[in-house]
file upload.cif (mmCIF, N, CA and C atoms)
data_upload
loop_
_atom_site.label_atom_id
_atom_site.label_comp_id
_atom_site.auth_asym_id
_atom_site.auth_seq_id
_atom_site.Cartn_x
_atom_site.Cartn_y
_atom_site.Cartn_z
N GLY Y 228 136.88 79.25 124.16
CA GLY Y 228 135.67 79.64 124.56
C GLY Y 228 134.51 79.53 123.64
N LEU Y 229 133.67 80.52 123.81
CA LEU Y 229 132.40 80.56 123.11
C LEU Y 229 132.37 81.65 122.05
N ALA Y 230 133.52 82.10 121.60
CA ALA Y 230 133.57 83.20 120.64
C ALA Y 230 132.77 82.91 119.39
N GLY Y 231 132.70 81.65 118.97
CA GLY Y 231 131.95 81.30 117.78
C GLY Y 231 130.46 81.56 117.91
N CYS Y 232 129.92 81.60 119.11
CA CYS Y 232 128.49 81.82 119.32
C CYS Y 232 128.07 83.23 118.91
N ALA Y 233 128.98 84.17 118.95
CA ALA Y 233 128.64 85.55 118.63
C ALA Y 233 129.14 85.95 117.25
N ALA Y 234 129.47 84.99 116.43
CA ALA Y 234 129.97 85.31 115.09
C ALA Y 234 128.90 86.04 114.30
N PRO Y 235 129.29 87.10 113.56
CA PRO Y 235 128.30 87.86 112.80
C PRO Y 235 127.61 86.99 111.75
N THR Y 236 126.34 87.29 111.51
CA THR Y 236 125.59 86.61 110.46
C THR Y 236 125.94 87.27 109.13
N LYS Y 237 125.30 86.79 108.07
CA LYS Y 237 125.54 87.39 106.76
C LYS Y 237 125.32 88.89 106.77
N GLU Y 238 124.36 89.34 107.55
CA GLU Y 238 124.04 90.76 107.59
C GLU Y 238 125.06 91.54 108.42
N GLY Y 239 125.95 90.82 109.11
CA GLY Y 239 126.96 91.50 109.90
C GLY Y 239 126.50 91.83 111.31
N ARG Y 240 125.30 91.42 111.69
CA ARG Y 240 124.79 91.70 113.03
C ARG Y 240 124.71 90.40 113.81
N PRO Y 241 125.40 90.31 114.95
CA PRO Y 241 125.38 89.06 115.71
C PRO Y 241 124.01 88.74 116.32
N ASP Y 242 123.12 89.73 116.46
CA ASP Y 242 121.83 89.48 117.10
C ASP Y 242 120.75 89.05 116.11
N VAL Y 243 121.04 89.02 114.83
CA VAL Y 243 120.07 88.61 113.82
C VAL Y 243 120.39 87.18 113.40
N VAL Y 244 119.50 86.27 113.71
CA VAL Y 244 119.72 84.88 113.37
C VAL Y 244 118.83 84.55 112.18
N PRO Y 245 119.42 84.09 111.07
CA PRO Y 245 118.57 83.74 109.93
C PRO Y 245 117.70 82.55 110.27
N PRO Y 246 116.48 82.49 109.72
CA PRO Y 246 115.60 81.35 110.03
C PRO Y 246 116.24 80.05 109.56
N ARG Y 247 116.08 79.02 110.36
CA ARG Y 247 116.61 77.72 109.98
C ARG Y 247 115.50 76.91 109.32
N PRO Y 248 115.85 75.96 108.50
CA PRO Y 248 114.81 75.13 107.89
C PRO Y 248 114.08 74.33 108.98
N SER Y 249 112.79 74.15 108.77
CA SER Y 249 111.99 73.38 109.71
C SER Y 249 112.21 71.89 109.47
N PRO Y 250 112.25 71.07 110.52
CA PRO Y 250 112.34 69.62 110.32
C PRO Y 250 111.04 69.04 109.77
N MET Y 251 109.98 69.85 109.75
CA MET Y 251 108.68 69.41 109.25
C MET Y 251 108.46 70.03 107.87
N SER Y 252 108.31 69.17 106.86
CA SER Y 252 108.07 69.67 105.51
C SER Y 252 106.68 70.31 105.42
N ASP Y 253 106.44 71.06 104.36
CA ASP Y 253 105.12 71.65 104.15
C ASP Y 253 104.05 70.56 104.08
N MET Y 254 104.38 69.43 103.44
CA MET Y 254 103.41 68.34 103.31
C MET Y 254 103.12 67.73 104.69
N GLN Y 255 104.14 67.55 105.52
CA GLN Y 255 103.93 67.02 106.87
C GLN Y 255 103.14 68.00 107.72
N ALA Y 256 103.40 69.29 107.56
CA ALA Y 256 102.66 70.30 108.32
C ALA Y 256 101.18 70.27 107.93
N ALA Y 257 100.90 70.15 106.63
CA ALA Y 257 99.51 70.05 106.17
C ALA Y 257 98.86 68.79 106.72
N GLU Y 258 99.61 67.69 106.76
CA GLU Y 258 99.10 66.44 107.33
C GLU Y 258 98.79 66.61 108.81
N ALA Y 259 99.64 67.34 109.53
CA ALA Y 259 99.41 67.59 110.95
C ALA Y 259 98.09 68.35 111.15
N ALA Y 260 97.86 69.35 110.32
CA ALA Y 260 96.62 70.12 110.44
C ALA Y 260 95.41 69.24 110.16
N LEU Y 261 95.48 68.40 109.14
CA LEU Y 261 94.36 67.51 108.81
C LEU Y 261 94.12 66.49 109.93
N LEU Y 262 95.20 65.94 110.46
CA LEU Y 262 95.07 64.99 111.56
C LEU Y 262 94.43 65.66 112.77
N ALA Y 263 94.87 66.88 113.08
CA ALA Y 263 94.28 67.62 114.22
C ALA Y 263 92.79 67.85 113.99
N LEU Y 264 92.42 68.26 112.78
CA LEU Y 264 91.00 68.48 112.48
C LEU Y 264 90.18 67.20 112.68
N GLY Y 265 90.78 66.06 112.36
CA GLY Y 265 90.09 64.79 112.53
C GLY Y 265 89.89 64.40 113.99
N LEU Y 266 90.60 65.07 114.89
CA LEU Y 266 90.48 64.77 116.32
C LEU Y 266 89.48 65.68 117.04
N VAL Y 267 88.88 66.63 116.30
CA VAL Y 267 87.86 67.49 116.91
C VAL Y 267 86.76 66.60 117.48
N GLY Y 268 86.38 66.90 118.71
CA GLY Y 268 85.36 66.10 119.40
C GLY Y 268 85.93 65.11 120.40
N THR Y 269 87.24 64.86 120.34
CA THR Y 269 87.89 63.96 121.31
C THR Y 269 87.82 64.62 122.69
N PRO Y 270 87.51 63.87 123.73
CA PRO Y 270 87.40 64.48 125.07
C PRO Y 270 88.72 65.08 125.56
N TYR Y 271 88.58 66.15 126.35
CA TYR Y 271 89.73 66.75 127.03
C TYR Y 271 90.05 65.88 128.24
N ARG Y 272 91.33 65.69 128.49
CA ARG Y 272 91.77 65.03 129.72
C ARG Y 272 93.14 65.56 130.08
N TYR Y 273 93.26 66.13 131.27
CA TYR Y 273 94.54 66.65 131.73
C TYR Y 273 95.58 65.53 131.70
N GLY Y 274 96.71 65.78 131.05
CA GLY Y 274 97.76 64.78 130.94
C GLY Y 274 97.54 63.79 129.82
N GLY Y 275 96.38 63.88 129.13
CA GLY Y 275 96.06 62.93 128.07
C GLY Y 275 96.85 63.18 126.80
N ASN Y 276 97.23 62.08 126.12
CA ASN Y 276 97.99 62.24 124.89
C ASN Y 276 97.66 61.20 123.82
N THR Y 277 96.47 60.61 123.90
CA THR Y 277 96.00 59.69 122.86
C THR Y 277 94.50 59.92 122.65
N PRO Y 278 93.99 59.55 121.47
CA PRO Y 278 92.54 59.70 121.26
C PRO Y 278 91.73 58.86 122.24
N GLU Y 279 92.24 57.70 122.63
CA GLU Y 279 91.51 56.83 123.56
C GLU Y 279 91.47 57.42 124.97
N ALA Y 280 92.57 58.04 125.39
CA ALA Y 280 92.65 58.59 126.74
C ALA Y 280 92.14 60.03 126.81
N GLY Y 281 92.04 60.68 125.66
CA GLY Y 281 91.72 62.10 125.63
C GLY Y 281 93.00 62.92 125.55
N PHE Y 282 92.85 64.22 125.40
CA PHE Y 282 94.02 65.09 125.22
C PHE Y 282 93.95 66.32 126.10
N ASP Y 283 95.12 66.77 126.54
CA ASP Y 283 95.26 68.16 126.97
C ASP Y 283 95.95 68.86 125.80
N CYS Y 284 96.18 70.16 125.89
CA CYS Y 284 96.65 70.89 124.71
C CYS Y 284 98.02 70.42 124.22
N SER Y 285 98.96 70.19 125.13
CA SER Y 285 100.28 69.76 124.69
C SER Y 285 100.29 68.29 124.28
N GLY Y 286 99.43 67.48 124.88
CA GLY Y 286 99.30 66.08 124.48
C GLY Y 286 98.77 65.96 123.06
N LEU Y 287 97.83 66.82 122.70
CA LEU Y 287 97.30 66.85 121.34
C LEU Y 287 98.41 67.19 120.35
N ILE Y 288 99.19 68.20 120.65
CA ILE Y 288 100.29 68.61 119.77
C ILE Y 288 101.30 67.48 119.63
N GLY Y 289 101.67 66.86 120.74
CA GLY Y 289 102.64 65.76 120.68
C GLY Y 289 102.14 64.60 119.84
N PHE Y 290 100.88 64.21 120.03
CA PHE Y 290 100.30 63.10 119.26
C PHE Y 290 100.30 63.42 117.77
N VAL Y 291 99.82 64.61 117.42
CA VAL Y 291 99.69 65.00 116.01
C VAL Y 291 101.06 65.12 115.34
N TYR Y 292 102.01 65.78 116.00
CA TYR Y 292 103.34 65.96 115.40
C TYR Y 292 104.06 64.61 115.24
N TRP Y 293 103.89 63.72 116.20
CA TRP Y 293 104.54 62.42 116.10
C TRP Y 293 103.94 61.61 114.94
N ARG Y 294 102.61 61.61 114.84
CA ARG Y 294 101.95 60.86 113.77
C ARG Y 294 102.22 61.45 112.39
N ALA Y 295 102.24 62.76 112.28
CA ALA Y 295 102.40 63.41 110.97
C ALA Y 295 103.84 63.47 110.50
N ALA Y 296 104.80 63.60 111.45
CA ALA Y 296 106.18 63.85 111.02
C ALA Y 296 107.24 63.15 111.84
N GLY Y 297 106.85 62.34 112.83
CA GLY Y 297 107.85 61.68 113.66
C GLY Y 297 108.63 62.65 114.53
N ILE Y 298 108.01 63.78 114.85
CA ILE Y 298 108.64 64.81 115.67
C ILE Y 298 108.00 64.80 117.05
N ALA Y 299 108.85 64.79 118.08
CA ALA Y 299 108.36 64.79 119.46
C ALA Y 299 108.58 66.17 120.08
N PRO Y 300 107.55 67.02 120.12
CA PRO Y 300 107.70 68.34 120.74
C PRO Y 300 107.80 68.21 122.26
N PRO Y 301 108.22 69.27 122.92
CA PRO Y 301 108.24 69.24 124.39
C PRO Y 301 106.83 68.99 124.94
N ARG Y 302 106.74 68.59 126.20
CA ARG Y 302 105.44 68.20 126.76
C ARG Y 302 104.68 69.33 127.44
N THR Y 303 105.34 70.42 127.81
CA THR Y 303 104.62 71.49 128.50
C THR Y 303 104.46 72.71 127.60
N VAL Y 304 103.44 73.49 127.88
CA VAL Y 304 103.19 74.71 127.10
C VAL Y 304 104.37 75.68 127.23
N ALA Y 305 104.93 75.79 128.42
CA ALA Y 305 106.08 76.69 128.62
C ALA Y 305 107.23 76.28 127.70
N GLN Y 306 107.51 74.99 127.61
CA GLN Y 306 108.58 74.52 126.74
C GLN Y 306 108.22 74.68 125.27
N ILE Y 307 106.99 74.37 124.91
CA ILE Y 307 106.55 74.52 123.51
C ILE Y 307 106.65 75.98 123.07
N SER Y 308 106.38 76.90 123.99
CA SER Y 308 106.40 78.33 123.63
C SER Y 308 107.81 78.83 123.31
N ARG Y 309 108.83 78.06 123.65
CA ARG Y 309 110.22 78.41 123.33
C ARG Y 309 110.82 77.49 122.28
N TRP Y 310 110.08 76.51 121.84
CA TRP Y 310 110.56 75.48 120.93
C TRP Y 310 110.48 75.96 119.49
N GLY Y 311 111.39 75.54 118.66
CA GLY Y 311 111.37 75.92 117.26
C GLY Y 311 111.68 77.39 117.11
N GLN Y 312 110.98 78.03 116.19
CA GLN Y 312 111.20 79.45 115.96
C GLN Y 312 109.89 80.18 115.78
N SER Y 313 109.90 81.44 116.17
CA SER Y 313 108.72 82.29 116.01
C SER Y 313 108.49 82.53 114.52
N VAL Y 314 107.22 82.60 114.13
CA VAL Y 314 106.85 82.80 112.73
C VAL Y 314 105.92 83.99 112.66
N ASP Y 315 106.15 84.87 111.72
CA ASP Y 315 105.27 86.01 111.49
C ASP Y 315 103.93 85.50 110.97
N ALA Y 316 102.86 86.17 111.34
CA ALA Y 316 101.51 85.76 110.89
C ALA Y 316 101.42 85.67 109.37
N ALA Y 317 102.15 86.51 108.67
CA ALA Y 317 102.11 86.50 107.20
C ALA Y 317 102.76 85.24 106.63
N ASP Y 318 103.63 84.58 107.41
CA ASP Y 318 104.33 83.38 106.94
C ASP Y 318 103.76 82.10 107.53
N LEU Y 319 102.67 82.19 108.26
CA LEU Y 319 102.06 81.06 108.94
C LEU Y 319 101.57 80.01 107.95
N ARG Y 320 101.76 78.76 108.29
CA ARG Y 320 101.23 77.66 107.48
C ARG Y 320 100.41 76.74 108.37
N ALA Y 321 99.47 76.04 107.78
CA ALA Y 321 98.71 75.04 108.52
C ALA Y 321 99.70 74.05 109.11
N GLY Y 322 99.50 73.70 110.39
CA GLY Y 322 100.40 72.80 111.07
C GLY Y 322 101.35 73.50 112.02
N ASP Y 323 101.52 74.82 111.86
CA ASP Y 323 102.33 75.58 112.82
C ASP Y 323 101.59 75.65 114.15
N LEU Y 324 102.27 76.13 115.17
CA LEU Y 324 101.68 76.20 116.50
C LEU Y 324 101.22 77.60 116.83
N VAL Y 325 100.19 77.69 117.64
CA VAL Y 325 99.66 78.97 118.11
C VAL Y 325 99.78 78.96 119.63
N ILE Y 326 100.40 80.00 120.18
CA ILE Y 326 100.63 80.08 121.62
C ILE Y 326 99.77 81.19 122.20
N PHE Y 327 99.07 80.86 123.28
CA PHE Y 327 98.19 81.81 123.95
C PHE Y 327 98.64 81.98 125.41
N GLY Y 328 98.28 83.09 125.99
CA GLY Y 328 98.56 83.33 127.40
C GLY Y 328 98.13 84.73 127.79
N SER Y 329 98.59 85.16 128.94
CA SER Y 329 98.30 86.52 129.39
C SER Y 329 99.55 87.09 130.04
N ASP Y 330 99.69 88.39 129.97
CA ASP Y 330 100.85 89.09 130.52
C ASP Y 330 102.15 88.50 130.01
N GLY Y 331 102.15 88.03 128.77
CA GLY Y 331 103.36 87.47 128.17
C GLY Y 331 103.72 86.07 128.64
N SER Y 332 102.90 85.50 129.50
CA SER Y 332 103.17 84.17 130.05
C SER Y 332 102.31 83.12 129.32
N PRO Y 333 102.93 82.16 128.64
CA PRO Y 333 102.16 81.17 127.88
C PRO Y 333 101.39 80.22 128.80
N SER Y 334 100.16 79.92 128.40
CA SER Y 334 99.35 79.01 129.20
C SER Y 334 98.56 78.01 128.34
N HIS Y 335 98.61 78.16 127.02
CA HIS Y 335 97.83 77.29 126.15
C HIS Y 335 98.48 77.25 124.77
N ALA Y 336 98.40 76.10 124.09
CA ALA Y 336 98.97 75.96 122.75
C ALA Y 336 97.99 75.19 121.87
N ALA Y 337 98.08 75.47 120.57
CA ALA Y 337 97.15 74.89 119.60
C ALA Y 337 97.86 74.66 118.28
N ILE Y 338 97.19 73.99 117.36
CA ILE Y 338 97.72 73.72 116.03
C ILE Y 338 96.94 74.56 115.03
N HIS Y 339 97.67 75.37 114.26
CA HIS Y 339 97.03 76.21 113.24
C HIS Y 339 96.46 75.30 112.15
N ALA Y 340 95.20 75.54 111.79
CA ALA Y 340 94.52 74.70 110.81
C ALA Y 340 94.30 75.40 109.47
N GLY Y 341 94.81 76.62 109.34
CA GLY Y 341 94.60 77.40 108.13
C GLY Y 341 93.46 78.37 108.30
N GLU Y 342 93.47 79.43 107.49
CA GLU Y 342 92.40 80.43 107.50
C GLU Y 342 92.13 81.00 108.89
N SER Y 343 93.20 81.24 109.67
CA SER Y 343 93.12 81.83 111.01
C SER Y 343 92.37 80.96 112.02
N ARG Y 344 92.25 79.68 111.73
CA ARG Y 344 91.59 78.75 112.65
C ARG Y 344 92.65 77.89 113.34
N PHE Y 345 92.30 77.36 114.50
CA PHE Y 345 93.22 76.49 115.21
C PHE Y 345 92.45 75.38 115.91
N VAL Y 346 93.12 74.23 116.08
CA VAL Y 346 92.56 73.08 116.77
C VAL Y 346 93.26 72.99 118.11
N HIS Y 347 92.47 72.78 119.17
CA HIS Y 347 93.05 72.73 120.51
C HIS Y 347 92.18 71.93 121.47
N ALA Y 348 92.80 71.56 122.59
CA ALA Y 348 92.10 70.87 123.68
C ALA Y 348 92.04 71.88 124.82
N PRO Y 349 90.92 72.61 124.94
CA PRO Y 349 90.91 73.79 125.80
C PRO Y 349 90.68 73.62 127.28
N SER Y 350 89.82 72.69 127.72
CA SER Y 350 89.51 72.71 129.15
C SER Y 350 88.85 71.43 129.64
N THR Y 351 88.97 71.23 130.92
CA THR Y 351 88.33 70.09 131.57
C THR Y 351 86.83 70.10 131.28
N GLY Y 352 86.31 68.93 130.95
CA GLY Y 352 84.89 68.82 130.65
C GLY Y 352 84.56 69.12 129.21
N GLY Y 353 85.53 69.61 128.45
CA GLY Y 353 85.30 69.95 127.05
C GLY Y 353 85.85 68.89 126.12
N THR Y 354 85.93 69.27 124.86
CA THR Y 354 86.47 68.38 123.83
C THR Y 354 87.44 69.17 122.96
N VAL Y 355 88.23 68.44 122.18
CA VAL Y 355 89.09 69.07 121.19
C VAL Y 355 88.17 69.83 120.24
N ARG Y 356 88.52 71.08 119.96
CA ARG Y 356 87.64 71.87 119.09
C ARG Y 356 88.42 72.79 118.16
N LEU Y 357 87.67 73.37 117.26
CA LEU Y 357 88.19 74.30 116.26
C LEU Y 357 87.69 75.70 116.59
N ASN Y 358 88.61 76.64 116.71
CA ASN Y 358 88.25 78.03 116.96
C ASN Y 358 88.98 78.94 115.99
N HIS Y 359 88.65 80.21 116.01
CA HIS Y 359 89.22 81.23 115.13
C HIS Y 359 90.04 82.20 115.98
N VAL Y 360 91.25 82.54 115.52
CA VAL Y 360 92.10 83.45 116.32
C VAL Y 360 91.50 84.84 116.46
N ASN Y 361 90.56 85.19 115.60
CA ASN Y 361 89.96 86.53 115.70
C ASN Y 361 88.78 86.60 116.66
N GLU Y 362 88.40 85.46 117.27
CA GLU Y 362 87.38 85.51 118.32
C GLU Y 362 87.96 86.34 119.46
N ARG Y 363 87.15 87.20 120.05
CA ARG Y 363 87.66 88.16 121.04
C ARG Y 363 88.50 87.51 122.14
N TYR Y 364 87.99 86.43 122.71
CA TYR Y 364 88.70 85.77 123.81
C TYR Y 364 90.12 85.37 123.38
N TRP Y 365 90.25 84.73 122.21
CA TRP Y 365 91.55 84.23 121.77
C TRP Y 365 92.44 85.34 121.25
N ARG Y 366 91.86 86.30 120.54
CA ARG Y 366 92.64 87.41 119.98
C ARG Y 366 93.39 88.16 121.08
N THR Y 367 92.76 88.36 122.22
CA THR Y 367 93.40 89.12 123.30
C THR Y 367 94.46 88.31 124.03
N ARG Y 368 94.51 87.00 123.79
CA ARG Y 368 95.48 86.13 124.47
C ARG Y 368 96.57 85.59 123.54
N LEU Y 369 96.50 85.91 122.26
CA LEU Y 369 97.48 85.42 121.29
C LEU Y 369 98.87 85.99 121.60
N LEU Y 370 99.84 85.11 121.81
CA LEU Y 370 101.21 85.54 122.12
C LEU Y 370 102.17 85.34 120.96
N ASP Y 371 102.05 84.21 120.25
CA ASP Y 371 103.07 83.88 119.25
C ASP Y 371 102.58 82.77 118.34
N TYR Y 372 103.21 82.71 117.17
CA TYR Y 372 103.10 81.56 116.28
C TYR Y 372 104.48 80.93 116.25
N ARG Y 373 104.56 79.60 116.26
CA ARG Y 373 105.84 78.90 116.30
C ARG Y 373 105.87 77.80 115.24
N ARG Y 374 107.05 77.57 114.72
CA ARG Y 374 107.27 76.47 113.76
C ARG Y 374 108.35 75.56 114.31
N ALA Y 375 108.08 74.26 114.25
CA ALA Y 375 109.06 73.26 114.73
C ALA Y 375 110.41 73.47 114.08
#
call {"tool": "encode", "arguments": {"input": "upload.cif", "output": "structure tokens"}}
result
Amino acid sequence: GLAGCAAPTKEGRPDVVPPRPSPMSDMQAAEAALLALGLVGTPYRYGGNTPEAGFDCSGLIGFVYWRAAGIAPPRTVAQISRWGQSVDAADLRAGDLVIFGSDGSPSHAAIHAGESRFVHAPSTGGTVRLNHVNERYWRTRLLDYRRA
């Protein structure tokens, strides 16, 4: 069976999973943040995943992660919100992901750019932009930080 799945961790508790190393190095994560910042101003386009076609939020993340680290994240916000591992705000690094939503349901994702800022493709008719997580609108919708 599956008895090995519930094997105790070092701490002796089967429900505590130690963090695993990220497939994205600190240098690649920093590169992802810089690449995302360079895309500010690119038009929003639902389903878009290139600078020429425009970006939606998950398309932006996929483009940046692939270019910076050769990593292909999931394509939907729901999948991205479960991908990798949750990161405490105190351990956040530029290049990590920021998940937003309401009532615990994810609806938007972004790339952390450092100093509580994030790069994202927010809405039809808009462009890729830089915002701050402490802005009232975003602060009330912040659900999680994630690391690949």
call {"tool": "atom_distance", "arguments": {"input": "upload.cif", "atom1": "atom C of Ala299 (chain Y)", "atom2": "atom N of Leu370 (chain Y)"}}
result
20.9 Å
call {"tool": "closest_residue", "arguments": {"input": "upload.cif", "among": "Y:Thr269, Y:Ser334, Y:Ser249, Y:Thr277", "to": "Thr303 (chain Y)", "atoms": "only N, CA and C atoms"}}
result
Y:Ser334
call {"tool": "atom_distance", "arguments": {"input": "upload.cif", "atom1": "CA of Pro270 (chain Y)", "atom2": "CA of Glu362 (chain Y)"}}
result
22.1 Å
call {"tool": "resolve_selection", "arguments": {"input": "upload.cif", "expression": "the PyMOL selection byres ((chain Y and resi 359) around 8)", "output": "ChimeraX atom specification"}}
result
/Y:342-346,356-358,360-363,365-366
call {"tool": "closest_residue", "arguments": {"input": "upload.cif", "among": "Y:Gln306, Y:Glu279, Y:Tyr273, Y:Ser252", "to": "Gly352 (chain Y)", "atoms": "only N, CA and C atoms"}}
result
Y:Tyr273
call {"tool": "closest_residue", "arguments": {"input": "upload.cif", "among": "Y:Leu319, Y:Ile338, Y:Met251, Y:Val267", "to": "Ile307 (chain Y)", "atoms": "only C-alpha atoms"}}
result
Y:Ile338
call {"tool": "select_by_dssp", "arguments": {"input": "upload.cif", "residues": "chain Y", "states": "helix (DSSP H, G or I)", "output": "number ranges by chain"}}
result
Y: 230-233, 253-265, 284-296, 304-307, 316-318, 363-366
call {"tool": "write_last_selection", "arguments": {"input": "upload.cif", "atoms": "N, CA and C atoms", "output": "tab-separated table (two decimals), in the coordinates of the input"}}
result
chain	number	residue	atom	x	y	z
Y	230	ALA	N	133.52	82.10	121.60
Y	230	ALA	CA	133.57	83.20	120.64
Y	230	ALA	C	132.77	82.91	119.39
Y	231	GLY	N	132.70	81.65	118.97
Y	231	GLY	CA	131.95	81.30	117.78
Y	231	GLY	C	130.46	81.56	117.91
Y	232	CYS	N	129.92	81.60	119.11
Y	232	CYS	CA	128.49	81.82	119.32
Y	232	CYS	C	128.07	83.23	118.91
Y	233	ALA	N	128.98	84.17	118.95
Y	233	ALA	CA	128.64	85.55	118.63
Y	233	ALA	C	129.14	85.95	117.25
Y	253	ASP	N	106.44	71.06	104.36
Y	253	ASP	CA	105.12	71.65	104.15
Y	253	ASP	C	104.05	70.56	104.08
Y	254	MET	N	104.38	69.43	103.44
Y	254	MET	CA	103.41	68.34	103.31
Y	254	MET	C	103.12	67.73	104.69
Y	255	GLN	N	104.14	67.55	105.52
Y	255	GLN	CA	103.93	67.02	106.87
Y	255	GLN	C	103.14	68.00	107.72
Y	256	ALA	N	103.40	69.29	107.56
Y	256	ALA	CA	102.66	70.30	108.32
Y	256	ALA	C	101.18	70.27	107.93
Y	257	ALA	N	100.90	70.15	106.63
Y	257	ALA	CA	99.51	70.05	106.17
Y	257	ALA	C	98.86	68.79	106.72
Y	258	GLU	N	99.61	67.69	106.76
Y	258	GLU	CA	99.10	66.44	107.33
Y	258	GLU	C	98.79	66.61	108.81
Y	259	ALA	N	99.64	67.34	109.53
Y	259	ALA	CA	99.41	67.59	110.95
Y	259	ALA	C	98.09	68.35	111.15
Y	260	ALA	N	97.86	69.35	110.32
Y	260	ALA	CA	96.62	70.12	110.44
Y	260	ALA	C	95.41	69.24	110.16
Y	261	LEU	N	95.48	68.40	109.14
Y	261	LEU	CA	94.36	67.51	108.81
Y	261	LEU	C	94.12	66.49	109.93
Y	262	LEU	N	95.20	65.94	110.46
Y	262	LEU	CA	95.07	64.99	111.56
Y	262	LEU	C	94.43	65.66	112.77
Y	263	ALA	N	94.87	66.88	113.08
Y	263	ALA	CA	94.28	67.62	114.22
Y	263	ALA	C	92.79	67.85	113.99
Y	264	LEU	N	92.42	68.26	112.78
Y	264	LEU	CA	91.00	68.48	112.48
Y	264	LEU	C	90.18	67.20	112.68
Y	265	GLY	N	90.78	66.06	112.36
Y	265	GLY	CA	90.09	64.79	112.53
Y	265	GLY	C	89.89	64.40	113.99
Y	284	CYS	N	96.18	70.16	125.89
Y	284	CYS	CA	96.65	70.89	124.71
Y	284	CYS	C	98.02	70.42	124.22
Y	285	SER	N	98.96	70.19	125.13
Y	285	SER	CA	100.28	69.76	124.69
Y	285	SER	C	100.29	68.29	124.28
Y	286	GLY	N	99.43	67.48	124.88
Y	286	GLY	CA	99.30	66.08	124.48
Y	286	GLY	C	98.77	65.96	123.06
Y	287	LEU	N	97.83	66.82	122.70
Y	287	LEU	CA	97.30	66.85	121.34
Y	287	LEU	C	98.41	67.19	120.35
Y	288	ILE	N	99.19	68.20	120.65
Y	288	ILE	CA	100.29	68.61	119.77
Y	288	ILE	C	101.30	67.48	119.63
Y	289	GLY	N	101.67	66.86	120.74
Y	289	GLY	CA	102.64	65.76	120.68
Y	289	GLY	C	102.14	64.60	119.84
Y	290	PHE	N	100.88	64.21	120.03
Y	290	PHE	CA	100.30	63.10	119.26
Y	290	PHE	C	100.30	63.42	117.77
Y	291	VAL	N	99.82	64.61	117.42
Y	291	VAL	CA	99.69	65.00	116.01
Y	291	VAL	C	101.06	65.12	115.34
Y	292	TYR	N	102.01	65.78	116.00
Y	292	TYR	CA	103.34	65.96	115.40
Y	292	TYR	C	104.06	64.61	115.24
Y	293	TRP	N	103.89	63.72	116.20
Y	293	TRP	CA	104.54	62.42	116.10
Y	293	TRP	C	103.94	61.61	114.94
Y	294	ARG	N	102.61	61.61	114.84
Y	294	ARG	CA	101.95	60.86	113.77
Y	294	ARG	C	102.22	61.45	112.39
Y	295	ALA	N	102.24	62.76	112.28
Y	295	ALA	CA	102.40	63.41	110.97
Y	295	ALA	C	103.84	63.47	110.50
Y	296	ALA	N	104.80	63.60	111.45
Y	296	ALA	CA	106.18	63.85	111.02
Y	296	ALA	C	107.24	63.15	111.84
Y	304	VAL	N	103.44	73.49	127.88
Y	304	VAL	CA	103.19	74.71	127.10
Y	304	VAL	C	104.37	75.68	127.23
Y	305	ALA	N	104.93	75.79	128.42
Y	305	ALA	CA	106.08	76.69	128.62
Y	305	ALA	C	107.23	76.28	127.70
Y	306	GLN	N	107.51	74.99	127.61
Y	306	GLN	CA	108.58	74.52	126.74
Y	306	GLN	C	108.22	74.68	125.27
Y	307	ILE	N	106.99	74.37	124.91
Y	307	ILE	CA	106.55	74.52	123.51
Y	307	ILE	C	106.65	75.98	123.07
Y	316	ALA	N	102.86	86.17	111.34
Y	316	ALA	CA	101.51	85.76	110.89
Y	316	ALA	C	101.42	85.67	109.37
Y	317	ALA	N	102.15	86.51	108.67
Y	317	ALA	CA	102.11	86.50	107.20
Y	317	ALA	C	102.76	85.24	106.63
Y	318	ASP	N	103.63	84.58	107.41
Y	318	ASP	CA	104.33	83.38	106.94
Y	318	ASP	C	103.76	82.10	107.53
Y	363	ARG	N	87.15	87.20	120.05
Y	363	ARG	CA	87.66	88.16	121.04
Y	363	ARG	C	88.50	87.51	122.14
Y	364	TYR	N	87.99	86.43	122.71
Y	364	TYR	CA	88.70	85.77	123.81
Y	364	TYR	C	90.12	85.37	123.38
Y	365	TRP	N	90.25	84.73	122.21
Y	365	TRP	CA	91.55	84.23	121.77
Y	365	TRP	C	92.44	85.34	121.25
Y	366	ARG	N	91.86	86.30	120.54
Y	366	ARG	CA	92.64	87.41	119.98
Y	366	ARG	C	93.39	88.16	121.08
